[in-house]
Structure formats: C-alpha cells, structure tokens
Amino acid sequence: MRVLLLALPLAGCTWIDEATLDERLGQDDTAASVCRSPLAEALPEETAALMATADSSLVEATSQDLGIASPIGCTDVVTGALVFGPASGWNGDNDSDGYAFAVPAPTRLHLTATWPDSSADLDFGVWSLDDDGTARVDLFSTNGESNCIGATDPEDCTSAIPLGPSEAEDRPYLLVALGYVGEGEMPYEVALEWVAP
C-alpha cells in the first residue's frame, strides 16, 4: 500500500484588530455598528394622539420626528412617560405620545412595550399614514394582531405585513403610546426590533 504525502508550505499569519479590518474593507458590516442609541421622548407636551374607542382608529395626532429607523437586525428603543387623568379610556384626560418615523428598506416590525406598574394599562400601535398624511391604518390590529391594544404588560406584537421605505423627507409611520388605565405618571419603554420581511 502506498501513502501519498503532500508537503504544503505554511504562509505566515498576521492578526489584525477589528478596526483595522474594517478600514481595509472600507466599511463596517456589523449590524450593531449602525444601530441607533435609545431615543428619549423630547417633546412630551407637544405630542398627542386621540383614538376612537368604537373602532380603535386614530382620529388625530401630533408627533415627534424620530427620523429613519435602524436597519434590519437592529432594535431601536424609545422611552417616554404618560400622565393619567381622573377618567379611564382613550380620551382627553389621559396622556398620549406620537412618534413619526420612516424605514430605510422593506422590513417587518416586532414591537415590545413595557412599563413598571402591571396594574396600569398602556396601549401601543404603529399607524401607516396615507399620501395626504391624515388617514391612518393600524399595522397590527388591522392585520389580525391585537396584542398591543390589550391589557398585558409587556405588550408584544409583530407586523403581519412589511413596512415599505419612503422618500427621504417623508415619515409615513407613526408609533403611538396611549394611556388607558393608571394613576399619576407612568414611564414606558418601547423596543422596535427590525426583522426581515
């Protein structure tokens, strides 16, 4: 029996750090490098959303501009606080917040909202704005997902349809935080995880 032995020369290896590798490649291809830092509510007195209790439609809203979301693979975090009045429900007594945003490419959204007092009921949704900027469709409940307008903490839902990109200056989507039942001021955190469509 003959055994064939191959002699292969070993080239010398040089280890380089990640920054040097990124520089040589001309870009940083890790998702974490392009994900945004958490975004805090900046205009608490200037943002509001009014809901119609009968059909959970968004009647009117003013919003804080969040800009363009991070790419697929990232999770953007928005923090804010709602102030409750004497009456329960989606009404003028209870605070609400609106955040306008766009996405850079077709993506689906997995939203998780949390707050510290489980006896309070906060509701969340993402609405699509029509071309005129007024008519709105809830991307979750309209498409069979109702977990973000229930009485659970955390509220957890995923868009059944992908969100599409827009022109550079357009903000076709609106994240809304609504107070339904609670006392005093209630902080909240919303994690927006961007996943492949």
# chains A, B, ... in the order shown; residues from 1 in each chain; ligands from 1
>>> residues_around(residues="range 91-94 of chain A", least_positions_apart="5", cutoff="6 Å", atoms="only C-alpha atoms", output="list of chain:residue names")
A:Phe84, A:Gly85, A:Gly179
>>> write_last_selection(atoms="N, CA and C atoms", output="PDB file, in the first residue's frame")
ATOM      1  N   PHE A  84     -51.692  60.128  33.632  1.00  0.00           N
ATOM      2  CA  PHE A  84     -53.106  59.736  33.663  1.00  0.00           C
ATOM      3  C   PHE A  84     -53.951  60.786  34.354  1.00  0.00           C
ATOM      4  N   GLY A  85     -55.154  60.976  33.826  1.00  0.00           N
ATOM      5  CA  GLY A  85     -56.127  61.870  34.430  1.00  0.00           C
ATOM      6  C   GLY A  85     -57.141  61.082  35.242  1.00  0.00           C
ATOM      7  N   GLY A 179     -52.414  56.082  26.985  1.00  0.00           N
ATOM      8  CA  GLY A 179     -52.785  55.709  28.342  1.00  0.00           C
ATOM      9  C   GLY A 179     -54.252  55.323  28.401  1.00  0.00           C
TER      10      GLY A 179
END
>>> atom_distance(atom1="CA of His110 in chain A", atom2="CA of Leu39 in chain A")
17.0 Å
>>> select_by_dssp(residues="range 22-86 of chain A", states="alpha helix (DSSP H)", output="list of chain:residue names")
A:Asp22, A:Glu23, A:Arg24, A:Leu25
>>> residues_around(residues="range 183-194 of chain A", least_positions_apart="3", cutoff="10 Å", atoms="only C-alpha atoms", output="number ranges by chain")
A: 38-40, 69-88, 94-95, 103, 106-117, 119-122, 124, 154-156, 158, 163, 175, 177, 179, 197
>>> closest_residue(among="A:Leu129, A:Leu139, A:Val195, A:Ala102", to="Arg171 in chain A", atoms="only C-alpha atoms")
A:Ala102
>>> residues_around(residues="Leu43 in chain A", least_positions_apart="5", cutoff="9 Å", atoms="only C-alpha atoms", output="PyMOL selection string")
chain A and resi 63-64+97
>>> write_last_selection(atoms="C-alpha atoms", output="tab-separated table (two decimals), in the first residue's frame")
chain	number	residue	atom	x	y	z
A	63	SER	CA	-45.72	63.70	16.75
A	64	GLN	CA	-42.03	63.86	17.49
A	97	ASP	CA	-47.48	60.29	22.65
>>> atom_distance(atom1="CA of Leu174 in chain A", atom2="CA of Val34 in chain A")
22.0 Å
>>> atom_distance(atom1="CA of Ala48 in chain A", atom2="CA of Asp153 in chain A")
21.8 Å
>>> closest_residue(among="A:Phe101, A:Tyr180, A:Trp90, A:Phe140", to="Val59 in chain A", atoms="only C-alpha atoms")
A:Trp90
>>> select_by_dssp(residues="range 29-138 of chain A", states="strand (DSSP E or B)", output="JSON, numbers by chain")
{"A": [39, 40, 48, 49, 50, 51, 52, 57, 58, 59, 60, 61, 62, 64, 65, 66, 67, 68, 75, 76, 77, 78, 79, 80, 81, 82, 83, 96, 97, 98, 99, 100, 101, 102, 107, 108, 109, 110, 111, 112, 113, 114, 121, 122, 123, 124, 125, 126, 127, 128, 129, 136, 137, 138]}
